[in-house]
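Listing of model_28.csv; format and content: CSV, C-alpha atoms.
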```csv
chain,number,residue,atom,x,y,z
A,1,MET,CA,20.3,18.7,-40.6
A,2,ALA,CA,22.2,18.1,-37.4
A,3,SER,CA,24.0,21.1,-35.9
A,4,SER,CA,27.8,21.1,-35.5
A,5,ASP,CA,27.6,20.5,-31.7
A,6,CYS,CA,25.3,17.5,-32.1
A,7,PRO,CA,26.7,14.5,-30.2
A,8,ILE,CA,26.4,12.3,-33.3
A,9,LEU,CA,28.8,14.5,-35.1
A,10,GLN,CA,31.4,14.0,-32.4
A,11,LEU,CA,31.6,10.2,-32.9
A,12,ALA,CA,34.7,8.7,-34.4
A,13,THR,CA,34.4,7.6,-38.0
A,14,ASP,CA,35.1,3.9,-36.9
A,15,THR,CA,32.2,4.1,-34.4
A,16,ILE,CA,29.8,5.5,-37.0
A,17,THR,CA,30.8,2.8,-39.5
A,18,TYR,CA,30.2,0.1,-36.9
A,19,ILE,CA,26.7,1.5,-36.1
A,20,LEU,CA,25.8,1.6,-39.8
A,21,GLN,CA,27.1,-1.9,-40.5
A,22,TYR,CA,25.2,-3.3,-37.5
A,23,ALA,CA,22.0,-1.7,-38.7
A,24,VAL,CA,22.1,-3.0,-42.2
A,25,VAL,CA,22.3,-6.7,-41.4
A,26,PRO,CA,18.8,-8.0,-42.1
A,27,ASN,CA,17.0,-10.2,-39.6
A,28,ILE,CA,16.1,-12.8,-42.2
A,29,ASP,CA,15.8,-16.4,-41.3
A,30,PHE,CA,17.2,-18.4,-44.2
A,31,ASP,CA,18.7,-21.2,-42.2
A,32,PRO,CA,16.2,-24.0,-41.2
A,33,GLN,CA,18.4,-24.8,-38.1
A,34,VAL,CA,17.2,-21.6,-36.4
A,35,ASP,CA,13.7,-21.4,-37.8
A,36,LEU,CA,11.7,-22.4,-34.8
A,37,SER,CA,8.7,-20.2,-35.7
A,38,GLY,CA,5.5,-21.8,-36.7
A,39,ARG,CA,4.3,-18.7,-38.5
A,40,VAL,CA,3.2,-19.3,-42.1
A,41,GLU,CA,3.9,-15.7,-43.2
A,42,ARG,CA,7.0,-13.6,-42.5
A,43,VAL,CA,7.1,-9.9,-43.5
A,44,HIS,CA,10.5,-8.5,-43.9
A,45,PRO,CA,10.4,-4.7,-43.9
A,46,ARG,CA,13.2,-2.9,-45.8
A,47,LEU,CA,15.9,-1.7,-43.5
A,48,TYR,CA,16.1,1.9,-42.5
A,49,TYR,CA,18.9,3.8,-44.1
A,50,LEU,CA,20.8,5.5,-41.3
A,51,GLY,CA,22.6,7.7,-43.8
A,52,ARG,CA,19.6,10.0,-43.6
A,53,VAL,CA,20.7,11.0,-40.1
A,54,CYS,CA,23.0,13.7,-41.5
A,55,ARG,CA,25.3,14.3,-44.5
A,56,LEU,CA,28.4,13.0,-42.5
A,57,TRP,CA,26.7,9.7,-41.9
A,58,HIS,CA,25.6,9.5,-45.5
A,59,ASN,CA,29.1,10.2,-46.8
A,60,ILE,CA,30.6,7.5,-44.6
A,61,ALA,CA,27.9,5.0,-45.7
A,62,CYS,CA,28.6,5.7,-49.4
A,63,ARG,CA,32.3,5.0,-49.0
A,64,THR,CA,31.9,1.9,-46.9
A,65,PRO,CA,31.3,-1.1,-49.3
A,66,SER,CA,30.4,-3.5,-46.5
A,67,MET,CA,27.3,-1.5,-45.8
A,68,TRP,CA,25.8,-2.5,-49.2
A,69,ARG,CA,26.5,-6.2,-49.1
A,70,HIS,CA,23.0,-7.1,-47.9
A,71,ILE,CA,20.5,-6.4,-50.8
A,72,PRO,CA,16.8,-6.8,-50.0
A,73,MET,CA,14.4,-6.5,-53.0
A,74,TYR,CA,10.6,-7.2,-53.2
A,75,VAL,CA,9.3,-9.7,-55.7
A,76,ASP,CA,5.6,-8.6,-55.2
A,77,THR,CA,6.6,-5.1,-56.5
A,78,PRO,CA,6.5,-5.2,-60.4
A,79,HIS,CA,9.9,-5.0,-61.9
A,80,THR,CA,10.7,-4.6,-65.6
A,81,VAL,CA,13.9,-4.4,-67.6
A,82,GLU,CA,13.3,-0.6,-68.0
A,83,SER,CA,12.6,0.0,-64.3
A,84,ILE,CA,15.4,-2.1,-62.9
A,85,SER,CA,18.0,0.3,-64.2
A,86,THR,CA,16.8,3.0,-61.7
A,87,SER,CA,16.0,0.7,-58.8
A,88,PRO,CA,18.0,0.5,-55.5
A,89,LEU,CA,19.5,-2.8,-56.7
A,90,ASN,CA,22.0,-1.1,-58.9
A,91,ILE,CA,23.0,1.3,-56.1
A,92,TYR,CA,23.7,-1.7,-53.8
A,93,LEU,CA,25.6,-3.5,-56.6
A,94,THR,CA,27.8,-0.5,-57.3
A,95,ARG,CA,28.5,0.6,-53.8
A,96,SER,CA,29.3,-2.9,-52.6
A,97,ALA,CA,32.3,-2.8,-55.0
A,98,THR,CA,33.9,-6.2,-55.2
A,99,LEU,CA,32.7,-7.6,-51.9
A,100,THR,CA,30.6,-10.7,-51.6
A,101,ILE,CA,26.9,-10.0,-51.5
A,102,CYS,CA,23.8,-11.4,-49.8
A,103,VAL,CA,20.7,-11.1,-52.0
A,104,TYR,CA,17.1,-11.4,-50.5
A,105,LEU,CA,14.3,-11.4,-53.0
A,106,LEU,CA,11.3,-11.3,-50.7
A,107,ARG,CA,7.6,-10.7,-50.4
A,108,LYS,CA,6.6,-7.5,-48.8
A,109,GLU,CA,2.9,-8.0,-48.3
A,110,LYS,CA,0.9,-10.8,-46.8
A,111,ILE,CA,-1.7,-11.8,-49.4
A,112,PRO,CA,-4.1,-14.7,-49.9
A,113,LEU,CA,-2.5,-17.8,-51.3
A,114,THR,CA,-4.8,-17.8,-54.3
A,115,LEU,CA,-3.9,-14.3,-55.4
A,116,ASP,CA,-1.4,-14.3,-58.4
A,117,LEU,CA,0.7,-11.2,-58.6
A,118,ASN,CA,2.8,-12.6,-61.4
A,119,GLU,CA,5.9,-12.6,-59.2
A,120,PHE,CA,7.7,-14.9,-61.7
A,121,TRP,CA,8.6,-12.0,-64.0
A,122,SER,CA,9.8,-9.8,-61.2
A,123,VAL,CA,12.1,-12.6,-60.0
A,124,GLU,CA,13.4,-13.2,-63.5
A,125,VAL,CA,14.2,-9.5,-64.0
A,126,LEU,CA,15.9,-9.2,-60.6
A,127,LEU,CA,18.0,-12.4,-61.3
A,128,SER,CA,18.9,-11.1,-64.8
A,129,ALA,CA,20.1,-7.8,-63.2
A,130,LEU,CA,22.5,-9.9,-61.0
A,131,GLU,CA,24.0,-11.7,-64.0
A,132,GLY,CA,27.3,-9.8,-64.0
A,133,HIS,CA,27.6,-10.2,-60.2
A,134,LEU,CA,26.9,-13.9,-59.7
A,135,GLU,CA,30.5,-14.6,-58.7
A,136,ARG,CA,30.0,-12.3,-55.7
A,137,VAL,CA,26.8,-13.9,-54.4
A,138,GLU,CA,27.3,-15.5,-51.0
A,139,VAL,CA,23.6,-15.8,-50.0
A,140,LEU,CA,20.6,-16.0,-52.3
A,141,VAL,CA,17.1,-16.1,-50.8
A,142,VAL,CA,14.0,-16.1,-53.0
A,143,GLU,CA,10.6,-16.1,-51.4
A,144,THR,CA,7.4,-16.1,-53.5
A,145,ASN,CA,3.7,-16.7,-52.9
A,146,GLN,CA,3.5,-19.7,-55.3
A,147,ALA,CA,6.0,-22.4,-56.3
A,148,SER,CA,5.7,-21.6,-60.0
A,149,SER,CA,7.2,-18.1,-59.4
A,150,LEU,CA,10.4,-19.6,-58.0
A,151,PRO,CA,13.4,-20.0,-60.4
A,152,ASP,CA,14.5,-23.4,-61.6
A,153,PHE,CA,17.3,-24.6,-59.3
A,154,GLN,CA,19.2,-26.5,-61.9
A,155,LEU,CA,19.0,-23.8,-64.5
A,156,LEU,CA,20.0,-21.2,-61.9
A,157,LEU,CA,23.2,-23.2,-61.4
A,158,LEU,CA,24.0,-22.8,-65.1
A,159,ARG,CA,22.3,-19.5,-65.7
A,160,SER,CA,25.2,-17.9,-67.5
A,161,GLY,CA,26.6,-21.2,-69.0
A,162,ASP,CA,29.6,-21.1,-66.6
A,163,PRO,CA,29.5,-24.0,-64.1
A,164,HIS,CA,31.6,-22.0,-61.6
A,165,ARG,CA,30.0,-18.6,-61.6
A,166,LEU,CA,28.2,-19.2,-58.3
A,167,ARG,CA,31.4,-20.6,-56.7
A,168,ARG,CA,31.1,-18.4,-53.6
A,169,LEU,CA,27.4,-19.3,-52.8
A,170,ARG,CA,27.1,-20.6,-49.2
A,171,ASN,CA,23.4,-20.5,-48.7
A,172,LEU,CA,20.6,-20.9,-51.2
A,173,VAL,CA,16.9,-20.7,-50.3
A,174,LEU,CA,14.0,-21.1,-52.7
A,175,ARG,CA,10.8,-20.9,-50.5
A,176,CYS,CA,7.1,-20.5,-51.3
A,177,ASN,CA,3.9,-20.2,-49.4
A,178,ALA,CA,2.0,-22.7,-51.5
A,179,ASP,CA,2.5,-25.2,-54.3
A,180,ASP,CA,0.5,-24.5,-57.4
A,181,SER,CA,2.3,-26.9,-59.8
A,182,ILE,CA,-0.7,-29.2,-59.9
A,183,LEU,CA,-2.5,-26.3,-61.7
A,184,LEU,CA,0.1,-26.2,-64.5
A,185,PRO,CA,-0.4,-27.9,-67.9
A,186,PRO,CA,0.2,-31.7,-67.6
A,187,SER,CA,3.1,-31.6,-70.1
A,188,SER,CA,5.2,-29.3,-67.9
A,189,GLY,CA,5.9,-31.9,-65.3
A,190,SER,CA,7.3,-34.4,-67.9
A,191,LEU,CA,9.9,-31.9,-69.4
A,192,LEU,CA,13.3,-32.4,-67.9
A,193,PRO,CA,15.7,-29.4,-68.2
A,194,SER,CA,18.7,-30.0,-70.4
A,195,ILE,CA,21.7,-29.0,-68.3
A,196,GLY,CA,25.3,-29.5,-68.7
A,197,ARG,CA,28.0,-30.4,-66.2
A,198,VAL,CA,27.6,-28.6,-62.9
A,199,GLY,CA,30.9,-27.5,-61.3
A,200,VAL,CA,31.6,-28.5,-57.7
A,201,ASN,CA,30.8,-25.8,-55.1
A,202,ALA,CA,33.1,-26.3,-52.2
A,203,VAL,CA,31.5,-23.7,-49.9
A,204,LEU,CA,27.7,-24.4,-50.3
A,205,THR,CA,26.5,-25.5,-46.9
A,206,THR,CA,22.8,-24.8,-46.8
A,207,ILE,CA,20.1,-25.3,-49.4
A,208,TYR,CA,16.3,-24.9,-48.8
A,209,ILE,CA,14.2,-25.6,-51.9
A,210,ASP,CA,10.6,-26.3,-52.8
A,211,GLY,CA,9.2,-29.7,-53.6
A,212,ARG,CA,8.8,-29.0,-57.3
A,213,ASN,CA,12.4,-28.1,-57.7
A,214,LEU,CA,13.6,-31.1,-55.7
A,215,LEU,CA,11.5,-33.5,-57.8
A,216,ALA,CA,13.0,-32.0,-61.0
A,217,MET,CA,16.5,-32.5,-59.5
A,218,LEU,CA,15.6,-36.1,-58.5
A,219,ARG,CA,14.3,-36.9,-62.0
A,220,SER,CA,17.5,-35.6,-63.6
A,221,SER,CA,19.6,-37.4,-61.1
A,222,SER,CA,17.8,-40.7,-61.8
A,223,LEU,CA,18.4,-40.4,-65.5
A,224,GLN,CA,22.0,-39.2,-65.2
A,225,SER,CA,22.9,-41.9,-62.7
A,226,ARG,CA,22.0,-44.5,-65.4
A,227,SER,CA,24.4,-42.9,-67.8
A,228,GLY,CA,27.1,-42.5,-65.2
A,229,VAL,CA,26.9,-38.7,-65.4
A,230,GLU,CA,27.4,-36.7,-62.2
A,231,ASP,CA,24.3,-34.7,-61.2
A,232,ALA,CA,23.6,-31.5,-59.4
A,233,PHE,CA,23.7,-33.2,-56.0
A,234,PHE,CA,27.3,-34.2,-56.7
A,235,SER,CA,28.2,-30.5,-56.9
A,236,MET,CA,27.5,-30.0,-53.1
A,237,PRO,CA,30.0,-32.1,-51.2
A,238,MET,CA,30.1,-29.7,-48.2
A,239,LEU,CA,26.3,-29.5,-47.6
A,240,GLU,CA,25.4,-29.4,-43.9
A,241,THR,CA,21.7,-28.4,-44.0
A,242,PHE,CA,19.1,-29.6,-46.5
A,243,GLY,CA,15.6,-28.1,-46.2
A,244,ILE,CA,12.5,-28.8,-48.3
A,245,ASN,CA,9.2,-27.1,-48.3
A,246,HIS,CA,5.9,-28.1,-49.9
A,247,LEU,CA,6.8,-31.6,-51.1
A,248,THR,CA,3.6,-33.7,-51.3
A,249,PHE,CA,2.1,-36.4,-53.5
A,250,ARG,CA,0.0,-33.6,-55.1
A,251,VAL,CA,3.1,-31.8,-56.6
A,252,ASP,CA,3.4,-32.0,-60.3
A,253,GLY,CA,5.8,-34.8,-61.2
A,254,TYR,CA,5.6,-36.6,-57.9
A,255,SER,CA,6.8,-40.2,-57.8
A,256,ASP,CA,7.3,-42.5,-54.8
A,257,ASP,CA,10.4,-43.9,-56.5
A,258,LEU,CA,11.9,-40.4,-56.6
A,259,ILE,CA,11.2,-40.1,-52.9
A,260,ARG,CA,12.9,-43.4,-52.4
A,261,HIS,CA,15.9,-42.2,-54.5
A,262,PHE,CA,16.1,-39.1,-52.3
A,263,PHE,CA,16.2,-41.1,-49.0
A,264,LEU,CA,18.2,-44.1,-50.2
A,265,ASP,CA,20.8,-42.5,-52.5
A,266,VAL,CA,20.9,-38.7,-52.2
A,267,LEU,CA,20.9,-38.0,-48.5
A,268,PRO,CA,23.6,-40.6,-47.7
A,269,SER,CA,25.8,-39.0,-50.3
A,270,PHE,CA,26.4,-35.9,-48.2
A,271,PRO,CA,29.1,-36.8,-45.7
A,272,ARG,CA,28.7,-33.6,-43.7
A,273,LEU,CA,24.9,-33.4,-43.6
A,274,GLY,CA,23.8,-32.5,-40.0
A,275,THR,CA,20.3,-31.2,-40.5
A,276,LEU,CA,17.3,-32.3,-42.5
A,277,ALA,CA,14.3,-29.8,-42.4
A,278,LEU,CA,10.9,-30.8,-43.9
A,279,ASP,CA,8.1,-28.2,-44.1
A,280,THR,CA,4.7,-29.5,-45.3
A,281,PHE,CA,6.0,-33.0,-46.3
A,282,GLU,CA,3.3,-35.5,-47.3
A,283,PRO,CA,4.7,-38.4,-49.4
A,284,ILE,CA,1.9,-40.7,-48.4
A,285,ASN,CA,-1.4,-41.0,-50.3
A,286,ASP,CA,-4.4,-42.1,-48.1
A,287,GLY,CA,-2.0,-43.2,-45.4
A,288,HIS,CA,-0.2,-45.8,-47.6
A,289,PRO,CA,3.5,-45.3,-48.6
A,290,TRP,CA,3.8,-47.0,-52.0
A,291,LEU,CA,7.2,-47.9,-53.4
A,292,LEU,CA,9.2,-47.0,-50.3
A,293,GLN,CA,8.2,-50.3,-48.7
A,294,GLY,CA,10.2,-52.4,-51.1
A,295,PRO,CA,12.0,-52.4,-54.5
A,296,SER,CA,10.8,-50.5,-57.5
A,297,PHE,CA,8.3,-52.2,-59.7
A,298,TYR,CA,7.6,-49.5,-62.3
A,299,ASP,CA,9.2,-46.7,-64.3
A,300,PRO,CA,10.8,-44.2,-61.8
A,301,LEU,CA,9.4,-41.4,-64.0
A,302,SER,CA,5.9,-42.6,-63.6
A,303,SER,CA,3.6,-40.9,-61.0
A,304,SER,CA,1.2,-43.8,-60.7
A,305,PRO,CA,1.2,-46.1,-57.6
A,306,PRO,CA,1.9,-49.8,-58.2
A,307,SER,CA,-0.8,-52.3,-57.8
A,308,GLY,CA,-0.8,-55.0,-55.1
A,309,SER,CA,-0.7,-54.9,-51.3
A,310,PRO,CA,2.1,-53.0,-49.5
A,311,GLN,CA,5.1,-54.7,-48.0
A,312,PRO,CA,6.6,-54.0,-44.6
A,313,VAL,CA,8.5,-50.7,-44.3
A,314,THR,CA,12.2,-50.9,-43.6
A,315,PRO,CA,14.6,-48.1,-42.8
A,316,LEU,CA,16.4,-46.8,-45.9
A,317,ILE,CA,19.3,-44.9,-44.2
A,318,SER,CA,21.7,-46.7,-41.9
A,319,ALA,CA,23.5,-43.6,-40.8
A,320,SER,CA,21.9,-41.1,-38.5
A,321,ILE,CA,21.2,-37.4,-39.4
A,322,PRO,CA,21.9,-35.6,-36.1
A,323,ARG,CA,19.1,-33.0,-36.4
A,324,LEU,CA,15.7,-33.5,-37.9
A,325,ILE,CA,13.1,-30.7,-38.2
A,326,ILE,CA,9.6,-31.4,-39.3
A,327,LYS,CA,7.2,-28.6,-39.8
A,328,ARG,CA,3.4,-28.4,-40.7
A,329,THR,CA,3.3,-32.1,-41.4
A,330,ASN,CA,0.6,-34.7,-40.5
A,331,GLN,CA,1.1,-37.7,-38.2
A,332,SER,CA,1.3,-40.5,-40.8
A,333,SER,CA,4.0,-38.5,-42.8
A,334,ILE,CA,6.0,-37.9,-39.6
A,335,GLU,CA,5.9,-41.6,-38.8
A,336,PHE,CA,7.0,-42.3,-42.4
A,337,VAL,CA,10.0,-40.0,-42.0
A,338,LEU,CA,11.0,-41.4,-38.7
A,339,LYS,CA,11.2,-44.9,-40.2
A,340,GLN,CA,13.5,-43.7,-42.9
A,341,ILE,CA,15.9,-41.6,-40.8
A,342,THR,CA,17.4,-43.8,-38.0
A,343,HIS,CA,18.0,-42.2,-34.6
A,344,PRO,CA,18.5,-38.5,-35.0
A,345,ARG,CA,19.8,-37.0,-31.8
A,346,THR,CA,17.5,-34.0,-32.0
A,347,LEU,CA,13.9,-34.0,-33.2
A,348,ILE,CA,12.0,-30.7,-33.6
A,349,LEU,CA,8.3,-30.8,-34.4
A,350,ILE,CA,6.8,-27.4,-35.4
A,351,ARG,CA,3.0,-27.0,-35.8
A,352,CYS,CA,2.5,-30.6,-36.8
A,353,TYR,CA,-0.9,-32.4,-37.0
A,354,PHE,CA,-1.8,-35.5,-35.0
A,355,THR,CA,-4.8,-37.4,-36.2
A,356,SER,CA,-4.5,-40.7,-34.3
A,357,PRO,CA,-5.0,-41.3,-30.6
A,358,SER,CA,-1.9,-43.6,-30.8
A,359,PRO,CA,1.2,-41.5,-30.0
A,360,ILE,CA,4.3,-41.5,-32.3
A,361,ARG,CA,7.1,-43.5,-30.8
A,362,ILE,CA,10.0,-41.1,-30.1
A,363,SER,CA,11.8,-42.8,-27.3
A,364,SER,CA,15.2,-42.8,-29.0
A,365,TYR,CA,15.8,-39.0,-29.4
A,366,THR,CA,18.1,-37.2,-26.9
A,367,ARG,CA,16.6,-33.8,-27.5
A,368,LEU,CA,12.9,-33.2,-28.2
A,369,THR,CA,11.3,-29.9,-29.1
A,370,PHE,CA,7.7,-29.0,-29.8
A,371,VAL,CA,6.9,-25.6,-31.3
A,372,ASP,CA,3.5,-23.9,-31.8
A,373,MET,CA,1.5,-27.0,-31.0
A,374,PRO,CA,-2.2,-26.1,-30.9
A,375,THR,CA,-4.6,-26.9,-28.1
A,376,ASP,CA,-6.2,-29.8,-30.1
A,377,PHE,CA,-3.3,-32.0,-29.1
A,378,HIS,CA,-3.2,-31.6,-25.4
A,379,GLN,CA,-4.3,-35.3,-25.0
A,380,ILE,CA,-1.9,-36.8,-27.5
A,381,LEU,CA,1.4,-35.0,-26.5
A,382,PRO,CA,1.4,-36.2,-22.9
A,383,LYS,CA,1.3,-39.8,-24.2
A,384,MET,CA,4.3,-39.1,-26.5
A,385,ILE,CA,6.3,-37.4,-23.8
A,386,ALA,CA,5.5,-40.1,-21.2
A,387,HIS,CA,7.1,-42.7,-23.4
A,388,TRP,CA,10.1,-40.6,-24.3
A,389,ASP,CA,13.3,-41.3,-22.4
A,390,GLY,CA,15.6,-38.6,-23.7
A,391,GLN,CA,17.5,-35.9,-21.8
A,392,HIS,CA,16.2,-32.5,-23.0
A,393,LEU,CA,12.6,-31.5,-23.6
A,394,GLU,CA,11.5,-28.1,-24.7
A,395,LEU,CA,8.0,-26.7,-25.5
A,396,VAL,CA,8.1,-23.4,-27.3
A,397,ASN,CA,5.0,-21.2,-27.7
A,398,CYS,CA,2.6,-24.2,-27.3
A,399,PRO,CA,-1.0,-23.3,-26.6
A,400,CYS,CA,-1.7,-26.9,-25.8
A,401,VAL,CA,0.2,-26.6,-22.5
A,402,ASP,CA,-2.7,-26.0,-20.2
A,403,ASN,CA,-4.1,-27.5,-17.1
A,404,ASP,CA,-5.6,-30.4,-19.0
A,405,PHE,CA,-2.2,-31.1,-20.6
A,406,ARG,CA,-0.4,-31.1,-17.2
A,407,THR,CA,-3.1,-33.3,-15.7
A,408,GLY,CA,-2.8,-35.7,-18.6
A,409,LEU,CA,1.0,-35.7,-18.4
A,410,ILE,CA,1.0,-36.6,-14.7
A,411,THR,CA,-1.5,-39.4,-15.4
A,412,GLU,CA,0.5,-40.8,-18.3
A,413,LEU,CA,3.8,-40.7,-16.3
A,414,SER,CA,2.2,-42.5,-13.4
A,415,ASN,CA,1.1,-45.3,-15.8
A,416,VAL,CA,4.5,-45.8,-17.4
```

Go through the file and emit its structure as structure tokens.
Amino acid sequence: MASSDCPILQLATDTITYILQYAVVPNIDFDPQVDLSGRVERVHPRLYYLGRVCRLWHNIACRTPSMWRHIPMYVDTPHTVESISTSPLNIYLTRSATLTICVYLLRKEKIPLTLDLNEFWSVEVLLSALEGHLERVEVLVVETNQASSLPDFQLLLLRSGDPHRLRRLRNLVLRCNADDSILLPPSSGSLLPSIGRVGVNAVLTTIYIDGRNLLAMLRSSSLQSRSGVEDAFFSMPMLETFGINHLTFRVDGYSDDLIRHFFLDVLPSFPRLGTLALDTFEPINDGHPWLLQGPSFYDPLSSSPPSGSPQPVTPLISASIPRLIIKRTNQSSIEFVLKQITHPRTLILIRCYFTSPSPIRISSYTRLTFVDMPTDFHQILPKMIAHWDGQHLELVNCPCVDNDFRTGLITELSNV
């Protein structure tokens, strides 16, 4: 207990309130635009409660609703319907009054990707506890170990049957460490959720979802477009950032025709889209893009590649997406993406893998950033940079930048 002459007791109430509010804003990176870290795991410790400093600070905190807007909860801690009633979640929901809230359902511990902690049920219990407060949710971040523990994006939009109950949602992130959908029963990938009309969200600007959720949305979109029904993508006209993690040909329900639908139809439908972020994106099987080279020849709901030799690849999008972020992706997949998105002004490559001695042609990008590039690529990157004629180059935390890299870069520049 602080004494009456303690300096902290002499501070004005407004000053204490400002200190408390500054301390409770979590340092959680939910926006792919600022995620320039190549780290696979991120541990988010619960914020310290400064109301423990003294009773005065605690009383000020309790009557300041804005202090309780940011709600971090752990999905790798078991939650049940019985335990949730006494959890900190209810304290946050009560003390935040009627203000908008930012909910972060995160993983506390770094664990092996193969360890199943049954996070799915914890996520379900936590989302159910938010049911009466969904109209107040401004940010929703869900991070789990495996993709199967994430909520279904389309069902989340209609969780309470009201198409407008997430009308204040500005940022939605569904992110996992690994995709395990290939381990699920084969029938699960063929079941399409039955959803109703999704109301337009005029404030949603950022979504970051896993590949399994995206494929489910694309499958529904493909079917609904044939019937002239507006899909979930139509409900996001103000979208500015679209992020995807763990979208590969191994994901349950994968189809090249769905990927084509995404690049050809979905992305151009967002007039304000400024950033596309791809994390672990591998749409190519054995180095051969299938249907994206030409028109579709088989059922878009089929996951089997067509027979016959491939045709030349042509760009699918005529308009440019200004900012393209590619993370933990191999060289052939990077080249595939660059053929679909024409001339982004900024290209950011984060911990990507280069397997061919032939460099990727990146001469048309004004700004080029490499992040966390390992030492294995100190011979390939100089070739790429030497043939790049942009204006701004940045290398962030790249172990490959050593003496061999500098020597190689000088040699390559002298040969251009």

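Atom pair CA of Ile209 in chain A / CA of Asp231 in chain A has a distance of 16.5 Å (rounded to one decimal).
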
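Shortest separation to Phe153 in chain A among A:Asn213, A:Asn59, A:Thr205, A:Ser255 occurs at residue A:Asn213, atoms counted being all atoms listed in the file.
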
Using only C-alpha atoms, find the one residue out of A:Thr248, A:Thr77, A:Thr369, A:Thr98 that sits nearest to Leu393 in chain A.
->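 Comparing A:Thr248, A:Thr77, A:Thr369, A:Thr98 against Leu393 in chain A, the winner is A:Thr369.
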
For CA of Ser148 in chain A and CA of Met238 in chain A, quote the distance in Å rounded to one decimal.
->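 Separation between CA of Ser148 in chain A and CA of Met238 in chain A: 28.3 Å.
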
One-decimal distance in Å that lies between CA of Gln331 in chain A and CA of Ala386 in chain A =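 About the pair CA of Ala386 in chain A and CA of Gln331 in chain A: they are 17.7 Å apart.
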